[in-house]
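Scroll down for the structure; my scribbles are underneath it.
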Amino acid sequence: MPQPRLVPEPTHLQCLPGTFTFTDSTALKVSPGAEGAAGLLRTLLGPATGLPLPARADGSVVLALDRALTGLGEEGYGLTVGAEGVLLRAARPQGLLAGVQTLRQLLPVEALRAEPVAGVAWSVPCAQITDTPRFPWRGSMLDVARRFRPVSYLRRYVDLLALHKLNVLHLHLTDDQGWRMPVAALPRLTEVGGLPHGGAYTRTELTGLVAYAAERGVTVVPEIEMPGHVRAALAAYPELGNHPGRTYDVWDRWGVCDTILGVHDGALDFCRTVLDEVMDVFPSSYVHIGGEECPTTEWHDSPAARRRAAEEGLPGPAALHGWFMERIGRHLLEAGRLPLSWTENGADLPPYFTVMPWRDADHGRTAVRRGHRVVMAPHRTTYLDYPQSTSPAEPPGQAGEVVDLRTVHGNEPAPADWSPEEAAQVLGSQVQLWTEYVPTTAHAEYLTFPRLCALAEVVWTGRHDWPGFQERLRHHRTRLDTLGVPRRLPPAPAPLLTPAP
């Protein structure tokens, strides 16, 4: 058989002669702690192959959790495929889940189908693989605030992330144009703020998504925007703003709205109430609180905000942003969580914040030198709402940039000229799919792939082997085809909202 063409590329791959074939009699030998990986393997292979893969003490496919394999870390694995059997080992359950995805890619592409396939030999090439990720944070941000996506689609998105060994789904749940997260004590957030562009999730849907993702090795990290990007919340509860007696509509334009939260006690209590519910639903260590693109004009114009700044000994209303983020960040810390925020360079955030520098890659180094841990998200290499090419056939996207496949592949979260101490503060990287210009799920997948494959390569392997990646991607594209990921868009996308002037 030819060299296996895997995406992302494994750390070490040695081809061996022969193949192993899964048949109706193939059984799994499952060590204590490996039950989740065994269940995932059955779930993923069952629809196409119909193989039962029962557990038996003499099973030829061995899934072994061995905590002595410390060199594999939290997510690494070893996979040996011989003609008589398969051995998948890891030190932690997450590593076994990653190994299952590799085994899935080694099978014929028909194994990815959602319906029974007849006449296929379910063979995998013999090989020895040792595989460990370069970064612990390998993610994708999906904006469901501006364009609501049903939870059924979020599950599909999780499956696509897991296939590529990405382990973070960052859900952008609230913005000026919509509020998708239910909060029991504040029902108008979804009754009013969730109406435009789709709807809102139920708590049951979100807790189910978290569990579904965890079974596949993916953590769902929630984002609740504050103190800016809150027009949908103010439409529901206008008293949270800076103009008593004013009413608001959920914003129906794109861009940055200049209405922001007030800094009075009621607004801070609102944020704590929301975040307490968020932490109840999402067990992620990290909670994202937005933080960027917060015009402070309203605070300068508000007597109450100016008074708050004076009471807190701040030099002026603009400094209320850092004061606000400190208050909310402390609330998360006291609850045992880690605050996460967008930033340019971390200048107005406490050093205990983990930050996502988005404006420029050099800002990541500045943030690291300020003491922050960083997840690199520079827009020129990770924003998938930018067009993929200059072709006239390319659908409308954010203006000003083209982010093509090679550009994403060239993303370097920890450049070689950084010191080892600086590089150690980089958790990883992720792509972002803002959805102003993404009206359908087909459009979302068209923009995501194959650029997400390039990001997966960067954060797992990190070799930047462009010719090798292109060769492996040619075959991997057939996997995406089998999964129904579109290569092009249908001819008539839904109409877009009017961009902000």
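In the structure tokens, chains take the letters A, B, ... in the order shown, each chain's residues start at 1, and ligands count up from 1 in the order shown.
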
Legend entry - Residues within 12 Å of Asp301 (chain A), only C-alpha atoms, excluding chain neighbours under 2 positions, as a count of residues only: 17

Inset, instruction - Can you check which residues of region 430-480 of chain A DSSP gives as helix (DSSP H, G or I) on the backbone and send them as a ChimeraX atom specification? - result: /A:441-448,451-460,466-480

Could you give me, as a PDB file with C-alpha atoms, in the first residue's frame, the residues within 12 Å of Val250 (chain A), counting only C-alpha atoms and dropping anything in the same chain fewer than 4 positions from it?
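Writing the result to out_33.pdb gives the following:
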```pdb
ATOM      1  CA  ALA A 145     -24.021  35.125  17.687  1.00  0.00           C
ATOM      2  CA  ARG A 146     -24.288  36.905  14.338  1.00  0.00           C
ATOM      3  CA  THR A 174     -23.140  36.775  22.237  1.00  0.00           C
ATOM      4  CA  ASP A 175     -22.684  39.993  20.290  1.00  0.00           C
ATOM      5  CA  ASP A 176     -24.495  43.142  19.210  1.00  0.00           C
ATOM      6  CA  GLN A 177     -26.559  41.121  16.733  1.00  0.00           C
ATOM      7  CA  GLY A 178     -27.664  38.247  18.939  1.00  0.00           C
ATOM      8  CA  TRP A 179     -27.579  36.504  22.332  1.00  0.00           C
ATOM      9  CA  ARG A 188     -35.253  38.280  28.055  1.00  0.00           C
ATOM     10  CA  LEU A 189     -31.663  37.755  26.928  1.00  0.00           C
ATOM     11  CA  THR A 190     -32.844  34.987  24.610  1.00  0.00           C
ATOM     12  CA  GLU A 191     -36.492  36.063  24.300  1.00  0.00           C
ATOM     13  CA  VAL A 192     -35.404  39.432  22.889  1.00  0.00           C
ATOM     14  CA  GLY A 193     -31.703  39.126  22.086  1.00  0.00           C
ATOM     15  CA  GLY A 194     -32.011  35.693  20.516  1.00  0.00           C
ATOM     16  CA  LEU A 195     -34.666  36.534  17.962  1.00  0.00           C
ATOM     17  CA  PRO A 196     -32.645  37.944  15.050  1.00  0.00           C
ATOM     18  CA  HIS A 197     -30.808  35.690  12.629  1.00  0.00           C
ATOM     19  CA  HIS A 229     -20.511  44.128  21.728  1.00  0.00           C
ATOM     20  CA  VAL A 230     -23.554  43.971  24.045  1.00  0.00           C
ATOM     21  CA  ARG A 231     -26.328  45.665  22.067  1.00  0.00           C
ATOM     22  CA  ALA A 232     -28.465  42.476  22.124  1.00  0.00           C
ATOM     23  CA  ALA A 233     -28.219  42.376  25.935  1.00  0.00           C
ATOM     24  CA  LEU A 234     -29.138  46.063  26.173  1.00  0.00           C
ATOM     25  CA  ALA A 235     -32.179  45.472  23.953  1.00  0.00           C
ATOM     26  CA  ALA A 236     -33.335  42.970  26.563  1.00  0.00           C
ATOM     27  CA  TYR A 237     -32.291  44.945  29.670  1.00  0.00           C
ATOM     28  CA  PRO A 238     -31.665  48.605  28.763  1.00  0.00           C
ATOM     29  CA  TRP A 254     -22.388  44.682  11.045  1.00  0.00           C
ATOM     30  CA  CYS A 257     -21.709  49.263  17.912  1.00  0.00           C
ATOM     31  CA  THR A 259     -23.438  51.188  22.942  1.00  0.00           C
TER      32      THR A 259
END
```

Legend entry - Residue set, region 156-332 of chain A restricted to strand (DSSP E), as a list in words: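 DSSP on the backbone gives strand (DSSP E) at Val168, Leu169, His170, Leu171, His172, Thr174, Asp175, Gly178, Trp179, Thr219, Val220, Val221, Pro222, Glu223, Ile224, Glu225, Met226, Tyr286, Val287, His288, Ile289 and Gly290 of chain A.
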
Legend entry - Exercise: region 2-13 of chain A partners within 9 Å, only C-alpha atoms, chain neighbours under 2 positions left out, as a VMD selection string: chain A and resid 15 102 105 to 106 125 127 to 133 163 to 165 453 to 461 463 469 471 to 476

With C-alpha atoms retained, write the just-selected residues as a compact mmCIF listing (two decimals), in the first residue's frame.
```
# COMPACT_ATOMS: atom_id res chain seq x y z
CA CYS A 15 5.65 2.09 7.07
CA THR A 102 -5.56 8.36 12.98
CA GLN A 105 -7.84 8.10 8.44
CA LEU A 106 -5.82 4.95 7.73
CA PRO A 125 -1.56 -0.41 6.16
CA ALA A 127 2.84 1.02 10.28
CA GLN A 128 4.50 2.23 13.44
CA ILE A 129 3.36 5.70 14.53
CA THR A 130 4.44 7.79 17.49
CA ASP A 131 2.59 11.06 17.64
CA THR A 132 2.54 14.02 20.04
CA PRO A 133 1.13 17.52 19.46
CA LEU A 163 -10.91 14.31 12.74
CA HIS A 164 -8.07 16.86 12.46
CA LYS A 165 -6.97 16.47 16.10
CA CYS A 453 -6.44 21.50 7.65
CA ALA A 454 -3.47 23.87 7.35
CA LEU A 455 -4.01 25.18 10.88
CA ALA A 456 -4.20 21.60 12.17
CA GLU A 457 -0.85 20.88 10.57
CA VAL A 458 0.73 23.97 12.15
CA VAL A 459 -0.44 23.33 15.70
CA TRP A 460 -0.01 19.55 15.77
CA THR A 461 3.14 18.93 13.74
CA ARG A 463 6.94 21.38 10.33
CA PHE A 469 1.21 19.12 3.02
CA GLU A 471 0.55 16.12 -1.45
CA ARG A 472 -1.22 14.75 1.62
CA LEU A 473 -4.07 17.24 1.23
CA ARG A 474 -4.83 15.97 -2.28
CA HIS A 475 -5.85 12.64 -0.79
CA HIS A 476 -7.35 14.19 2.33
```

Inset, instruction - Quick one: everything within 7 Å of region 219-222 of chain A, counting only C-alpha atoms, minus sequence neighbours fewer than 2 positions away in the same chain. Send it as a ChimeraX atom specification. - result: /A:167-173,210,213-214,217,224,284,286-288

With N, CA and C atoms retained, write the just-selected residues as a short mmCIF file (atom, residue, chain, number, x, y, z; two decimals), in the first residue's frame.
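Wrote it out as again_18.cif, contents follow:
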```cif
data_model
loop_
_atom_site.label_atom_id
_atom_site.label_comp_id
_atom_site.auth_asym_id
_atom_site.auth_seq_id
_atom_site.Cartn_x
_atom_site.Cartn_y
_atom_site.Cartn_z
N ASN A 167 -8.64 20.43 19.32
CA ASN A 167 -9.22 20.07 20.62
C ASN A 167 -10.00 21.20 21.30
N VAL A 168 -10.22 22.33 20.61
CA VAL A 168 -10.97 23.43 21.20
C VAL A 168 -12.00 23.94 20.18
N LEU A 169 -13.26 23.95 20.60
CA LEU A 169 -14.30 24.68 19.88
C LEU A 169 -14.63 25.91 20.71
N HIS A 170 -14.23 27.05 20.21
CA HIS A 170 -14.48 28.33 20.88
C HIS A 170 -15.79 28.88 20.30
N LEU A 171 -16.83 28.94 21.14
CA LEU A 171 -18.15 29.38 20.69
C LEU A 171 -18.37 30.83 21.06
N HIS A 172 -18.50 31.67 20.06
CA HIS A 172 -18.79 33.10 20.25
C HIS A 172 -20.31 33.23 20.36
N LEU A 173 -20.82 33.28 21.60
CA LEU A 173 -22.24 33.10 21.88
C LEU A 173 -23.05 34.38 21.94
N VAL A 210 -21.52 19.85 25.03
CA VAL A 210 -20.29 19.74 25.82
C VAL A 210 -19.91 18.28 26.01
N ALA A 213 -18.80 16.71 22.64
CA ALA A 213 -17.45 17.14 22.29
C ALA A 213 -16.40 16.44 23.15
N ALA A 214 -16.67 16.32 24.44
CA ALA A 214 -15.70 15.69 25.34
C ALA A 214 -15.44 14.24 24.94
N GLY A 217 -12.73 14.34 22.49
CA GLY A 217 -11.49 15.02 22.83
C GLY A 217 -11.50 16.51 22.58
N ILE A 224 -18.63 35.09 26.14
CA ILE A 224 -19.69 36.06 26.40
C ILE A 224 -19.05 37.44 26.32
N SER A 284 -15.25 24.00 30.97
CA SER A 284 -13.94 24.42 30.47
C SER A 284 -13.16 25.22 31.52
N TYR A 286 -11.20 27.53 30.83
CA TYR A 286 -11.17 28.90 30.34
C TYR A 286 -12.58 29.40 30.05
N VAL A 287 -12.81 30.67 30.37
CA VAL A 287 -14.04 31.36 29.99
C VAL A 287 -13.63 32.65 29.30
N HIS A 288 -14.12 32.83 28.08
CA HIS A 288 -13.74 34.00 27.27
C HIS A 288 -14.75 35.12 27.52
#
```

Legend entry - Nearest residue to Gly397 (chain A) from the set A:Pro136, A:Gly50, A:Pro439, A:Gly329 (distances using only C-alpha atoms):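 Looking only at the distances to Gly397 (chain A), the closest residue turns out to be A:Pro439.
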
Legend entry - Atom pair CA of Glu205 (chain A) / CA of Leu338 (chain A): separation (Å):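 The value is 23.9 Å.
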
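Taking CA of Trp323 (chain A) as the reference point, CA of Gly428 (chain A) is found at 27.6 Å.
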
Inset, instruction - Excluding Ala414 (chain A) and residues on its chain fewer than 5 positions from it, collect all residues at most 9 Å away from it, counting only C-alpha atoms, and give them as a PyMOL selection string. - result: chain A and resi 364-365+376+422-426+428

Output file for the selection above: C-alpha atoms, as a CSV table (one decimal), in the first residue's frame:
```csv
chain,number,residue,atom,x,y,z
A,364,GLY,CA,1.7,38.3,20.9
A,365,ARG,CA,5.3,38.7,21.8
A,376,MET,CA,-2.2,33.3,18.8
A,422,GLU,CA,8.7,33.4,25.5
A,423,ALA,CA,7.7,30.4,23.3
A,424,ALA,CA,6.7,28.5,26.5
A,425,GLN,CA,4.0,31.1,27.1
A,426,VAL,CA,2.3,30.2,23.8
A,428,GLY,CA,-1.2,27.4,20.6
```

Legend entry - Spatial neighbours of Tyr437 (chain A), max dist 8 Å, only C-alpha atoms, sep filter under 3 positions, as a ChimeraX atom specification: /A:385,396-398,434,496
